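Each remark here refers to the structure printed beneath this line.
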Amino acid sequence: MNRRMMLKSLALGAAAAAAEQIFPGVLFANTGQAAADGLTWKKAPCRFCGTGCGVLIGLAGDRAVSVKGDPACAVNKGLCCVKGYHSVMALYGSDRLKQAYVRKNGTMTPVPMKEALDLVAAKMKETIAQHGKDSVAIYGSGQWTIPDGYVASKLFKGCIGTNNVEANARLCMASAVTGFMTSFGMDEPMGCYEDIDHADVFVLWGNNMAEMHPVLFSRMLDQRMAKPHVKIIDLATRWTRTSMAADKCILFRPQSDLAIANAICHELIHRDQVNYAFIERHATFRAGKTDIGYGLEDKFAFTDEPKTIDFKQFQKLLDDYSPEKVEKTTGVPAHEIRYLASLFGDPRKKVVSFWCMGMNQHTRGTWIQNNVYNIHLLTGKISQPGNGPFSLTGQPSACGTVREVGTLTNRLPYGEVTNEKARQKAAEIWGVPVENIPAKPTYHTVEMFRALDRGDLRFMWIQVTNPMVTMPKLRRYRDGAKKEGRFVVVSDVYPTPTTDIADVILPSAMWIEREGMFGNSERRTQHWDKMVNPPGEAMSDTWQLIEVARRLGYTKQFPWSEKDHVREIWNEYRRFHTGPKHEMATYEMLRERPGVQWPCPDGVETKWRYNSRYDPAATKDKSFDFYGKPDGRAWIWFRPYEAPPEMPDSEYPFWLNTGRVVEHWHTGSMTRRIPVLHRAVPNAYAEIHPQDAKKLGIRDGDRVKLTSRRGSLVLPAQIDGRGRPPQGMVFVPFFDEGLLINELTLDAFCPISKQPDYKKCAVRVERA
Ligand SMILES: Nc1nc2c(c(=O)[nH]1)N[C@H]1C(S)=C(S)[C@@H](COP(=O)(O)OP(=O)(O)OC[C@H]3O[C@@H](n4cnc5c(=O)[nH]c(N)nc54)[C@H](O)[C@@H]3O)O[C@H]1N2
Ligand SMILES: Nc1nc2c(c(=O)[nH]1)N[C@H]1C(S)=C(S)[C@@H](COP(=O)(O)OP(=O)(O)OC[C@H]3O[C@@H](n4cnc5c(=O)[nH]c(N)nc54)[C@H](O)[C@@H]3O)O[C@H]1N2
Ligand code: SF4
Ligand SMILES: [Mo]
């Protein structure tokens, strides 16, 4: 045997042995047309975060047994993080849902899938007949594939005729959307990840990138390693692993980022570092309503009134935001603000801003996005390689599905429901009368669950999301969903607190058990083939919806074959996005490549939008063309600092901040079934500052009781573990369904985006 043959046989043995370890008792004899290593490798985007790493799945027969980073994918160039590497194990938890269940006399009873689908359709028909079209709703996800979301929108908005379509991305990316829309008139980032390879300075505005976007974080560290002048500045409310790796961490008081951004603008004007040539040609100024509320009451409504102002008025409005004046609100010394302004203001430095939930989950979420865009517009550092504001997405397809397909109450695959032309276009492509599509949005997510509680909604279908863990002020919405006369259908892959309250559970085919597409943060659409069979009767979310649509009589609108439906759906959906501003790749391109970025007119990807050097839709005689706005100019908004609705006081003296850890995905339903990840962080805990702990007589590991105005929770304290909140704050991750921190959080939201703020409310902390 020569050396090559020996290595080959070793690899074969190793693959089988590894597989045997993961799936004891399973024989891996059937390897099909296996590659030299004994496995067949197929491309997919990672199942987890919005980074959208390309992965290669190692298949041994009908089993996915291995994962490696796809070197051909520009996002990650062969790298993965811990969740990516372990992702296929999420398919094989021992309690995977393999059959449907129906609640009969209070107990969940297994039934054939066909019977469950019949019941779902019958219940929908009955509810619509009794309570009207707006009494049924679907609540989906940024983890929906593009076909899932497209089919849901077509069924509910086009066929049934209700705008009761929402997704968990309302909890995640809504403020990013309204930020883009108000400043630029078009959604999604102008730049791309390649910006990382050109930037000199990175400013993180409240995101823990080391844990939540690890592969992008390591790309940023690589850039600093290669170019030692590169700086990473972490603006945060809590010390994290990201802070540890940054050149500087500036801790600020929750919500006061609004004042910091304004103070940077104030200082840029003061230092005469405004790019006047840029703003004269490419920006105009606006001011909106102030004192806009928090959405704490049911049926809260808000409409902004933009007023045109000029640069002088903008400058005047910033008078209250000198670096000295904001020290008190922000807790940030004036010299640090000056330092930040000097980085943005230096014409030789390219600056990228990154953010995620710190700025989105914010009762002034739209405003803080506007304020950060202001800095980039005032300095002209936008839409160029290495210069740009970049809103990072959380979920793998919050962009591709929720934002692009438009699975929000106010959206259509192209445009807003309020726009007649957009409705006409949808009606034509969907083959439904235009009168079917209502012109008024109904319920955003929080209001949707309030409507279920009130009884305005009677039927809700929940897919690929676990709201009985992730809704804020959870008790109200759980009690509401369980009320008599409510019918809840849940499609999931594992039992969860949400399947616990369901009337019907539909078992779903997961990720590579079906064909699909996601769209990541940098406008990259990524396709994968079905690679393995789903267990039992599990069925893709797309196909569940099609089955029910047909039972409701919409056979003409859902004519596709099981074999070809993803291609056919993509080709229909593509018709919404014609033209150089949003053209999407062809199905054939998507199948071939590890992702294609839109706009992709004539098969050419666009990396930087609005810049005529890179974007064919930007009119050539202008260097920049913000074509989302009618006059091609972006809007610089004056948005003030306004306090959050609930702040620490004598009764509830601590801030409660919540978020995530690298090992777990959201509610842990998948990552807690991956033993290496679960054992690394087996349960939730409350991080507390050592000084506070000392005052309260709490030691590491002691049980502490957190109490807010909405509920209380006992969990172990963690002192100087992974993160460190400042004095007066506790932090709790939300992955643990056994320790539901959302029973304490507040359902206040940004009046413009309707995205709730999970990062701040007030609690009391005691030794339990
Ligand atoms: N491992 C892992 N990765 C994930 C996920 C996961 O569950 N696990 N989920 C994905 C999803 S859907 C999302 S949305 C992202 C979330 O990604 P991140 O936003 O990075 O993570 P979080 O833990 O939600 O939020 C942490 C940050 O909120 C900031 N913050 C708190 N209060 C404020 C404030 O008032 N203003 C500002 N500006 N910042 C504040 C803190 O400084 C902290 O850095 O992660 C994605 N990636
Ligand atoms: N306290 C607090 N709460 C928060 C946040 C916070 O920062 N703090 N962040 C918010 C944010 S940004 C987000 S994105 C949300 C996330 O909230 P959720 O979307 O509610 O959380 P996930 O755990 O991602 O839920 C996905 C569900 O889909 C299931 N699943 C997996 N694959 C499939 C599939 O192919 N088909 C079907 N049908 N099901 C599948 C999983 O088992 C899981 O139950 O949480 C929000 N809630
Ligand atoms: S960074 Fe995100 S997309 Fe990449 S491997 Fe990790 S979880 Fe997956
Ligand atoms: Mo998210």
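To be explicit about the labels: the chains of the structure tokens are called A, B, and onward in the order shown, and within each one the residues are counted from 1, while ligands get numbers from 1 in the order they are shown.
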
Contacts between ligand 1 and chain A, please, where a residue of chain A counts if it comes within 6 Å (with only C-alpha atoms and all ligand atoms); show its shortest atom pair and distance in Å to one decimal, rows by chain and ascending number, as JSON lines.
```
{"residue": "A:Cys49", "atom": "CA", "partner": "ligand 1", "partner_atom_place_in_ligand_line": "47 (N)", "distance": 4.7}
{"residue": "A:Cys172", "atom": "CA", "partner": "ligand 1", "partner_atom_place_in_ligand_line": "14 (S)", "distance": 5.0}
{"residue": "A:Trp205", "atom": "CA", "partner": "ligand 1", "partner_atom_place_in_ligand_line": "38 (N)", "distance": 5.0}
{"residue": "A:Gly206", "atom": "CA", "partner": "ligand 1", "partner_atom_place_in_ligand_line": "39 (N)", "distance": 3.5}
{"residue": "A:Asn207", "atom": "CA", "partner": "ligand 1", "partner_atom_place_in_ligand_line": "20 (O)", "distance": 3.4}
{"residue": "A:Asn208", "atom": "CA", "partner": "ligand 1", "partner_atom_place_in_ligand_line": "20 (O)", "distance": 3.7}
{"residue": "A:Met209", "atom": "CA", "partner": "ligand 1", "partner_atom_place_in_ligand_line": "20 (O)", "distance": 5.1}
{"residue": "A:Glu211", "atom": "CA", "partner": "ligand 1", "partner_atom_place_in_ligand_line": "1 (N)", "distance": 5.5}
{"residue": "A:Met212", "atom": "CA", "partner": "ligand 1", "partner_atom_place_in_ligand_line": "3 (N)", "distance": 3.5}
{"residue": "A:His213", "atom": "CA", "partner": "ligand 1", "partner_atom_place_in_ligand_line": "47 (N)", "distance": 5.6}
{"residue": "A:Ala236", "atom": "CA", "partner": "ligand 1", "partner_atom_place_in_ligand_line": "42 (O)", "distance": 3.4}
{"residue": "A:Thr237", "atom": "CA", "partner": "ligand 1", "partner_atom_place_in_ligand_line": "42 (O)", "distance": 4.1}
{"residue": "A:Arg238", "atom": "CA", "partner": "ligand 1", "partner_atom_place_in_ligand_line": "42 (O)", "distance": 5.1}
{"residue": "A:Pro254", "atom": "CA", "partner": "ligand 1", "partner_atom_place_in_ligand_line": "35 (O)", "distance": 3.6}
{"residue": "A:Gln255", "atom": "CA", "partner": "ligand 1", "partner_atom_place_in_ligand_line": "35 (O)", "distance": 3.7}
{"residue": "A:Asp257", "atom": "CA", "partner": "ligand 1", "partner_atom_place_in_ligand_line": "38 (N)", "distance": 5.5}
{"residue": "A:Cys356", "atom": "CA", "partner": "ligand 1", "partner_atom_place_in_ligand_line": "19 (O)", "distance": 4.1}
{"residue": "A:Met357", "atom": "CA", "partner": "ligand 1", "partner_atom_place_in_ligand_line": "19 (O)", "distance": 3.5}
{"residue": "A:Gly358", "atom": "CA", "partner": "ligand 1", "partner_atom_place_in_ligand_line": "39 (N)", "distance": 3.0}
{"residue": "A:Met359", "atom": "CA", "partner": "ligand 1", "partner_atom_place_in_ligand_line": "38 (N)", "distance": 4.4}
{"residue": "A:Gly394", "atom": "CA", "partner": "ligand 1", "partner_atom_place_in_ligand_line": "11 (C)", "distance": 3.2}
{"residue": "A:Gln395", "atom": "CA", "partner": "ligand 1", "partner_atom_place_in_ligand_line": "12 (S)", "distance": 4.2}
{"residue": "A:Gly659", "atom": "CA", "partner": "ligand 1", "partner_atom_place_in_ligand_line": "23 (O)", "distance": 3.4}
{"residue": "A:Arg660", "atom": "CA", "partner": "ligand 1", "partner_atom_place_in_ligand_line": "23 (O)", "distance": 4.2}
{"residue": "A:Val661", "atom": "CA", "partner": "ligand 1", "partner_atom_place_in_ligand_line": "1 (N)", "distance": 5.3}
{"residue": "A:Val662", "atom": "CA", "partner": "ligand 1", "partner_atom_place_in_ligand_line": "1 (N)", "distance": 3.4}
{"residue": "A:Glu663", "atom": "CA", "partner": "ligand 1", "partner_atom_place_in_ligand_line": "1 (N)", "distance": 5.3}
{"residue": "A:His664", "atom": "CA", "partner": "ligand 1", "partner_atom_place_in_ligand_line": "8 (N)", "distance": 5.0}
{"residue": "A:Trp665", "atom": "CA", "partner": "ligand 1", "partner_atom_place_in_ligand_line": "7 (O)", "distance": 3.6}
{"residue": "A:His666", "atom": "CA", "partner": "ligand 1", "partner_atom_place_in_ligand_line": "7 (O)", "distance": 3.7}
{"residue": "A:Lys759", "atom": "CA", "partner": "ligand 1", "partner_atom_place_in_ligand_line": "32 (N)", "distance": 4.9}
```

As a compact mmCIF listing (two decimals) with all heavy atoms, in the first residue's frame, list the residues of range 387-633 of chain A assigned to strand (DSSP E) by DSSP on the backbone atoms of this structure.
```
# COMPACT_ATOMS: atom_id res chain seq x y z
N GLY A 388 -17.95 53.10 6.24
CA GLY A 388 -19.39 52.92 6.19
C GLY A 388 -20.01 52.49 7.49
O GLY A 388 -19.36 51.84 8.32
N PRO A 389 -21.28 52.85 7.68
CA PRO A 389 -22.05 52.34 8.80
C PRO A 389 -22.59 50.97 8.43
O PRO A 389 -23.18 50.81 7.37
CB PRO A 389 -23.19 53.37 8.93
CG PRO A 389 -23.35 53.96 7.57
CD PRO A 389 -22.07 53.78 6.82
N PHE A 390 -22.39 49.96 9.28
CA PHE A 390 -22.80 48.61 8.91
C PHE A 390 -23.63 47.97 10.02
O PHE A 390 -23.13 47.60 11.07
CB PHE A 390 -21.58 47.73 8.60
CG PHE A 390 -21.94 46.53 7.77
CD1 PHE A 390 -21.59 46.47 6.43
CD2 PHE A 390 -22.64 45.47 8.32
CE1 PHE A 390 -21.95 45.37 5.66
CE2 PHE A 390 -23.00 44.37 7.56
CZ PHE A 390 -22.66 44.32 6.23
N SER A 391 -24.92 47.86 9.76
CA SER A 391 -25.84 47.24 10.70
C SER A 391 -25.75 45.72 10.54
O SER A 391 -26.11 45.18 9.51
CB SER A 391 -27.24 47.75 10.38
OG SER A 391 -28.22 46.84 10.80
N PHE A 459 -56.59 32.84 16.01
CA PHE A 459 -55.81 31.73 15.46
C PHE A 459 -54.40 32.26 15.14
O PHE A 459 -54.27 33.28 14.48
CB PHE A 459 -56.47 31.23 14.17
CG PHE A 459 -55.64 30.22 13.40
CD1 PHE A 459 -55.94 28.86 13.48
CD2 PHE A 459 -54.57 30.63 12.60
CE1 PHE A 459 -55.17 27.94 12.76
CE2 PHE A 459 -53.81 29.70 11.89
CZ PHE A 459 -54.11 28.36 11.97
N MET A 460 -53.38 31.58 15.63
CA MET A 460 -52.02 31.98 15.29
C MET A 460 -51.19 30.76 14.93
O MET A 460 -51.19 29.77 15.65
CB MET A 460 -51.37 32.72 16.46
CG MET A 460 -50.05 33.38 16.07
SD MET A 460 -49.12 33.98 17.48
CE MET A 460 -49.84 35.57 17.72
N TRP A 461 -50.50 30.87 13.79
CA TRP A 461 -49.57 29.80 13.37
C TRP A 461 -48.16 30.33 13.59
O TRP A 461 -47.80 31.39 13.05
CB TRP A 461 -49.83 29.48 11.89
CG TRP A 461 -49.09 28.26 11.38
CD1 TRP A 461 -48.06 27.59 11.97
CD2 TRP A 461 -49.37 27.59 10.14
NE1 TRP A 461 -47.68 26.53 11.19
CE2 TRP A 461 -48.45 26.50 10.06
CE3 TRP A 461 -50.28 27.78 9.11
CZ2 TRP A 461 -48.43 25.64 8.96
CZ3 TRP A 461 -50.25 26.92 8.02
CH2 TRP A 461 -49.33 25.85 7.95
N ILE A 462 -47.39 29.60 14.36
CA ILE A 462 -46.03 30.02 14.73
C ILE A 462 -45.04 29.08 14.07
O ILE A 462 -45.14 27.86 14.22
CB ILE A 462 -45.87 29.98 16.27
CG1 ILE A 462 -46.81 31.01 16.92
CG2 ILE A 462 -44.42 30.22 16.67
CD1 ILE A 462 -46.95 30.85 18.44
N GLN A 463 -44.11 29.62 13.29
CA GLN A 463 -43.10 28.77 12.63
C GLN A 463 -41.69 29.28 12.91
O GLN A 463 -41.40 30.47 12.74
CB GLN A 463 -43.32 28.78 11.11
CG GLN A 463 -44.47 27.91 10.62
CD GLN A 463 -44.43 27.67 9.11
OE1 GLN A 463 -44.02 28.53 8.34
NE2 GLN A 463 -44.84 26.49 8.68
N PHE A 487 -56.54 29.46 19.22
CA PHE A 487 -56.03 28.23 18.61
C PHE A 487 -54.62 28.51 18.10
O PHE A 487 -54.41 29.38 17.26
CB PHE A 487 -56.95 27.80 17.47
CG PHE A 487 -56.75 26.36 17.07
CD1 PHE A 487 -57.41 25.34 17.74
CD2 PHE A 487 -55.89 26.04 16.02
CE1 PHE A 487 -57.24 24.00 17.37
CE2 PHE A 487 -55.70 24.70 15.65
CZ PHE A 487 -56.38 23.69 16.32
N VAL A 488 -53.65 27.77 18.65
CA VAL A 488 -52.25 28.04 18.32
C VAL A 488 -51.63 26.81 17.65
O VAL A 488 -51.66 25.71 18.21
CB VAL A 488 -51.45 28.44 19.58
CG1 VAL A 488 -49.99 28.68 19.24
CG2 VAL A 488 -52.05 29.69 20.24
N VAL A 489 -51.07 27.02 16.47
CA VAL A 489 -50.37 25.95 15.73
C VAL A 489 -48.88 26.28 15.80
O VAL A 489 -48.49 27.42 15.55
CB VAL A 489 -50.83 25.93 14.26
CG1 VAL A 489 -50.08 24.85 13.48
CG2 VAL A 489 -52.33 25.73 14.17
N VAL A 490 -48.07 25.29 16.15
CA VAL A 490 -46.63 25.53 16.24
C VAL A 490 -45.87 24.53 15.38
O VAL A 490 -46.00 23.31 15.56
CB VAL A 490 -46.13 25.45 17.70
CG1 VAL A 490 -44.63 25.69 17.78
CG2 VAL A 490 -46.87 26.45 18.59
N SER A 491 -45.09 25.04 14.44
CA SER A 491 -44.19 24.19 13.66
C SER A 491 -42.80 24.32 14.27
O SER A 491 -42.26 25.43 14.34
CB SER A 491 -44.11 24.66 12.21
OG SER A 491 -45.38 24.75 11.63
N ASP A 492 -42.25 23.22 14.73
CA ASP A 492 -40.91 23.26 15.32
C ASP A 492 -40.23 21.92 15.07
O ASP A 492 -40.82 21.01 14.48
CB ASP A 492 -40.97 23.59 16.82
CG ASP A 492 -39.69 24.26 17.32
OD1 ASP A 492 -38.61 23.62 17.27
OD2 ASP A 492 -39.75 25.42 17.76
N VAL A 504 -51.93 22.46 18.06
CA VAL A 504 -51.41 21.52 17.06
C VAL A 504 -49.89 21.73 16.97
O VAL A 504 -49.44 22.87 16.92
CB VAL A 504 -52.02 21.77 15.66
CG1 VAL A 504 -51.37 20.87 14.61
CG2 VAL A 504 -53.54 21.56 15.67
N ILE A 505 -49.15 20.63 16.96
CA ILE A 505 -47.70 20.73 16.73
C ILE A 505 -47.40 20.05 15.38
O ILE A 505 -47.80 18.90 15.17
CB ILE A 505 -46.89 20.01 17.84
CG1 ILE A 505 -47.20 20.62 19.22
CG2 ILE A 505 -45.39 20.10 17.55
CD1 ILE A 505 -46.59 19.83 20.38
N LEU A 506 -46.73 20.79 14.50
CA LEU A 506 -46.33 20.21 13.22
C LEU A 506 -44.82 20.01 13.23
O LEU A 506 -44.06 20.94 13.50
CB LEU A 506 -46.73 21.14 12.07
CG LEU A 506 -48.23 21.45 11.94
CD1 LEU A 506 -48.47 22.51 10.87
CD2 LEU A 506 -49.01 20.18 11.62
N PRO A 507 -44.35 18.78 12.96
CA PRO A 507 -42.91 18.53 12.96
C PRO A 507 -42.28 19.05 11.67
O PRO A 507 -42.78 18.78 10.58
CB PRO A 507 -42.83 17.00 13.01
CG PRO A 507 -44.07 16.54 12.30
CD PRO A 507 -45.13 17.58 12.56
N GLY A 516 -33.34 25.06 0.40
CA GLY A 516 -33.72 26.40 0.87
C GLY A 516 -32.73 27.48 0.48
O GLY A 516 -31.72 27.22 -0.20
N MET A 517 -33.06 28.67 0.91
CA MET A 517 -32.19 29.84 0.70
C MET A 517 -32.29 30.75 1.90
O MET A 517 -33.37 30.92 2.47
CB MET A 517 -32.67 30.67 -0.49
CG MET A 517 -32.46 30.03 -1.82
SD MET A 517 -34.02 30.14 -2.69
CE MET A 517 -33.53 29.56 -4.28
N PHE A 518 -31.18 31.35 2.27
CA PHE A 518 -31.12 32.41 3.28
C PHE A 518 -30.52 33.65 2.62
O PHE A 518 -29.85 33.54 1.58
CB PHE A 518 -30.17 32.01 4.43
CG PHE A 518 -30.69 30.99 5.42
CD1 PHE A 518 -29.77 30.21 6.14
CD2 PHE A 518 -32.04 30.83 5.68
CE1 PHE A 518 -30.20 29.29 7.09
CE2 PHE A 518 -32.48 29.90 6.63
CZ PHE A 518 -31.55 29.13 7.34
N GLY A 519 -30.67 34.80 3.27
CA GLY A 519 -29.97 36.01 2.82
C GLY A 519 -29.31 36.65 4.03
O GLY A 519 -29.96 36.90 5.03
N ARG A 524 -26.32 39.05 0.70
CA ARG A 524 -25.85 37.85 0.01
C ARG A 524 -26.90 36.74 0.12
O ARG A 524 -27.26 36.33 1.22
CB ARG A 524 -24.53 37.37 0.62
CG ARG A 524 -23.91 36.14 -0.08
CD ARG A 524 -22.63 35.71 0.62
NE ARG A 524 -21.59 36.72 0.53
CZ ARG A 524 -20.75 36.85 -0.50
NH1 ARG A 524 -20.80 36.00 -1.50
NH2 ARG A 524 -19.86 37.81 -0.52
N THR A 525 -27.39 36.28 -1.01
CA THR A 525 -28.36 35.20 -1.02
C THR A 525 -27.61 33.88 -1.15
O THR A 525 -26.72 33.76 -1.99
CB THR A 525 -29.33 35.36 -2.20
OG1 THR A 525 -29.71 36.73 -2.30
CG2 THR A 525 -30.57 34.51 -2.01
N GLN A 526 -27.97 32.89 -0.31
CA GLN A 526 -27.23 31.63 -0.30
C GLN A 526 -28.20 30.44 -0.38
O GLN A 526 -29.15 30.36 0.38
CB GLN A 526 -26.39 31.53 0.99
CG GLN A 526 -25.28 32.59 1.04
CD GLN A 526 -24.75 32.80 2.46
OE1 GLN A 526 -25.46 33.31 3.31
NE2 GLN A 526 -23.52 32.43 2.70
N HIS A 527 -27.91 29.56 -1.29
CA HIS A 527 -28.80 28.42 -1.56
C HIS A 527 -28.17 27.12 -1.09
O HIS A 527 -26.95 26.97 -1.08
CB HIS A 527 -29.05 28.34 -3.08
CG HIS A 527 -29.78 27.10 -3.51
ND1 HIS A 527 -29.13 25.89 -3.74
CD2 HIS A 527 -31.09 26.86 -3.72
CE1 HIS A 527 -30.02 24.97 -4.08
NE2 HIS A 527 -31.22 25.54 -4.08
N TRP A 528 -29.03 26.19 -0.67
CA TRP A 528 -28.54 24.83 -0.41
C TRP A 528 -29.55 23.82 -0.90
O TRP A 528 -30.74 24.11 -0.99
CB TRP A 528 -28.22 24.62 1.08
CG TRP A 528 -29.41 24.57 1.99
CD1 TRP A 528 -30.08 23.47 2.38
CD2 TRP A 528 -30.07 25.67 2.63
NE1 TRP A 528 -31.12 23.80 3.23
CE2 TRP A 528 -31.12 25.16 3.40
CE3 TRP A 528 -29.86 27.06 2.63
CZ2 TRP A 528 -31.98 25.96 4.16
CZ3 TRP A 528 -30.71 27.86 3.39
CH2 TRP A 528 -31.76 27.31 4.14
N VAL A 596 -24.58 34.93 -3.62
CA VAL A 596 -24.48 36.01 -4.61
C VAL A 596 -25.09 37.27 -3.99
O VAL A 596 -26.18 37.22 -3.42
CB VAL A 596 -25.26 35.64 -5.90
CG1 VAL A 596 -25.08 36.74 -6.96
CG2 VAL A 596 -24.80 34.30 -6.45
N GLN A 597 -24.38 38.40 -4.13
CA GLN A 597 -24.86 39.64 -3.54
C GLN A 597 -25.75 40.42 -4.49
O GLN A 597 -25.43 40.54 -5.68
CB GLN A 597 -23.68 40.54 -3.15
CG GLN A 597 -23.07 40.13 -1.83
CD GLN A 597 -21.83 40.96 -1.53
OE1 GLN A 597 -20.81 40.80 -2.18
NE2 GLN A 597 -21.94 41.83 -0.55
```

Next on the checklist: Would you pick out the contacts of range 296-300 of chain A at 12 Å or less, using only C-alpha atoms, so that residues sharing its chain but fewer than 4 positions from it are not included, and give the list as a PyMOL selection string?
Outcome noted: chain A and resi 292+363+442-454+456+472-473+644-646+746-752+754-757

Item to check | Cut-off 8 Å, only C-alpha atoms and all ligand atoms, neighbours of ligand 2 as JSON, numbers by chain | outcome: {"A": [141, 142, 143, 144, 168, 169, 171, 172, 173, 357, 361, 394, 395, 462, 463, 464, 465, 466, 467, 468, 469, 470, 471, 472, 490, 491, 492, 493, 494, 495, 496, 498, 506, 507, 508, 509, 510, 511, 540, 541, 657, 658, 659, 660, 665, 666, 667, 668, 669, 670, 732, 733, 734, 735, 741, 742, 745, 758, 759]}

Checklist entry - A:Lys381, A:Lys83, A:Arg253, A:Lys622: which is nearest ligand 3, counting only C-alpha atoms and all ligand atoms? => result A:Lys83

Give one line per residue of range 123-154 of chain A that approaches range 416-428 of chain A to at most 12 Å, naming the two atoms of the closest pair and their distance in Å to one decimal, counting only C-alpha atoms; sort by chain then ascending residue number and deliver it as JSON lines.
```
{"residue": "A:Tyr150", "atom": "CA", "partner": "A:Ala426", "partner_atom": "CA", "distance": 11.4}
{"residue": "A:Ser153", "atom": "CA", "partner": "A:Ala426", "partner_atom": "CA", "distance": 10.3}
{"residue": "A:Lys154", "atom": "CA", "partner": "A:Ala426", "partner_atom": "CA", "distance": 8.6}
```

Since we have the selection now, will you write its residues out, keeping all heavy atoms, as a PDB file, in the first residue's frame?
```pdb
ATOM      1  N   TYR A 150     -41.928  33.621   1.707  1.00  0.00           N
ATOM      2  CA  TYR A 150     -42.640  34.030   0.495  1.00  0.00           C
ATOM      3  C   TYR A 150     -44.021  33.383   0.439  1.00  0.00           C
ATOM      4  O   TYR A 150     -45.034  34.030   0.157  1.00  0.00           O
ATOM      5  CB  TYR A 150     -41.819  33.652  -0.750  1.00  0.00           C
ATOM      6  CG  TYR A 150     -42.490  34.120  -2.012  1.00  0.00           C
ATOM      7  CD1 TYR A 150     -42.429  35.455  -2.380  1.00  0.00           C
ATOM      8  CD2 TYR A 150     -43.209  33.240  -2.817  1.00  0.00           C
ATOM      9  CE1 TYR A 150     -43.082  35.910  -3.527  1.00  0.00           C
ATOM     10  CE2 TYR A 150     -43.855  33.681  -3.956  1.00  0.00           C
ATOM     11  CZ  TYR A 150     -43.790  35.016  -4.312  1.00  0.00           C
ATOM     12  OH  TYR A 150     -44.437  35.462  -5.431  1.00  0.00           O
ATOM     13  N   SER A 153     -46.395  34.867   3.080  1.00  0.00           N
ATOM     14  CA  SER A 153     -46.895  36.183   2.703  1.00  0.00           C
ATOM     15  C   SER A 153     -47.950  36.071   1.601  1.00  0.00           C
ATOM     16  O   SER A 153     -49.008  36.704   1.658  1.00  0.00           O
ATOM     17  CB  SER A 153     -45.717  37.043   2.241  1.00  0.00           C
ATOM     18  OG  SER A 153     -46.169  38.317   1.885  1.00  0.00           O
ATOM     19  N   LYS A 154     -47.678  35.221   0.627  1.00  0.00           N
ATOM     20  CA  LYS A 154     -48.630  35.049  -0.475  1.00  0.00           C
ATOM     21  C   LYS A 154     -49.959  34.484   0.041  1.00  0.00           C
ATOM     22  O   LYS A 154     -51.036  34.946  -0.360  1.00  0.00           O
ATOM     23  CB  LYS A 154     -48.021  34.111  -1.530  1.00  0.00           C
ATOM     24  CG  LYS A 154     -48.888  33.928  -2.769  1.00  0.00           C
ATOM     25  CD  LYS A 154     -48.144  33.124  -3.837  1.00  0.00           C
ATOM     26  CE  LYS A 154     -49.013  32.937  -5.068  1.00  0.00           C
ATOM     27  NZ  LYS A 154     -48.309  32.227  -6.158  1.00  0.00           N
TER      28      LYS A 154
END
```

Checklist entry - Using only C-alpha atoms and all ligand atoms, which residue out of A:Trp430, A:Tyr414, A:Phe48, A:Phe217 lies closest to ligand 4? => result A:Phe48
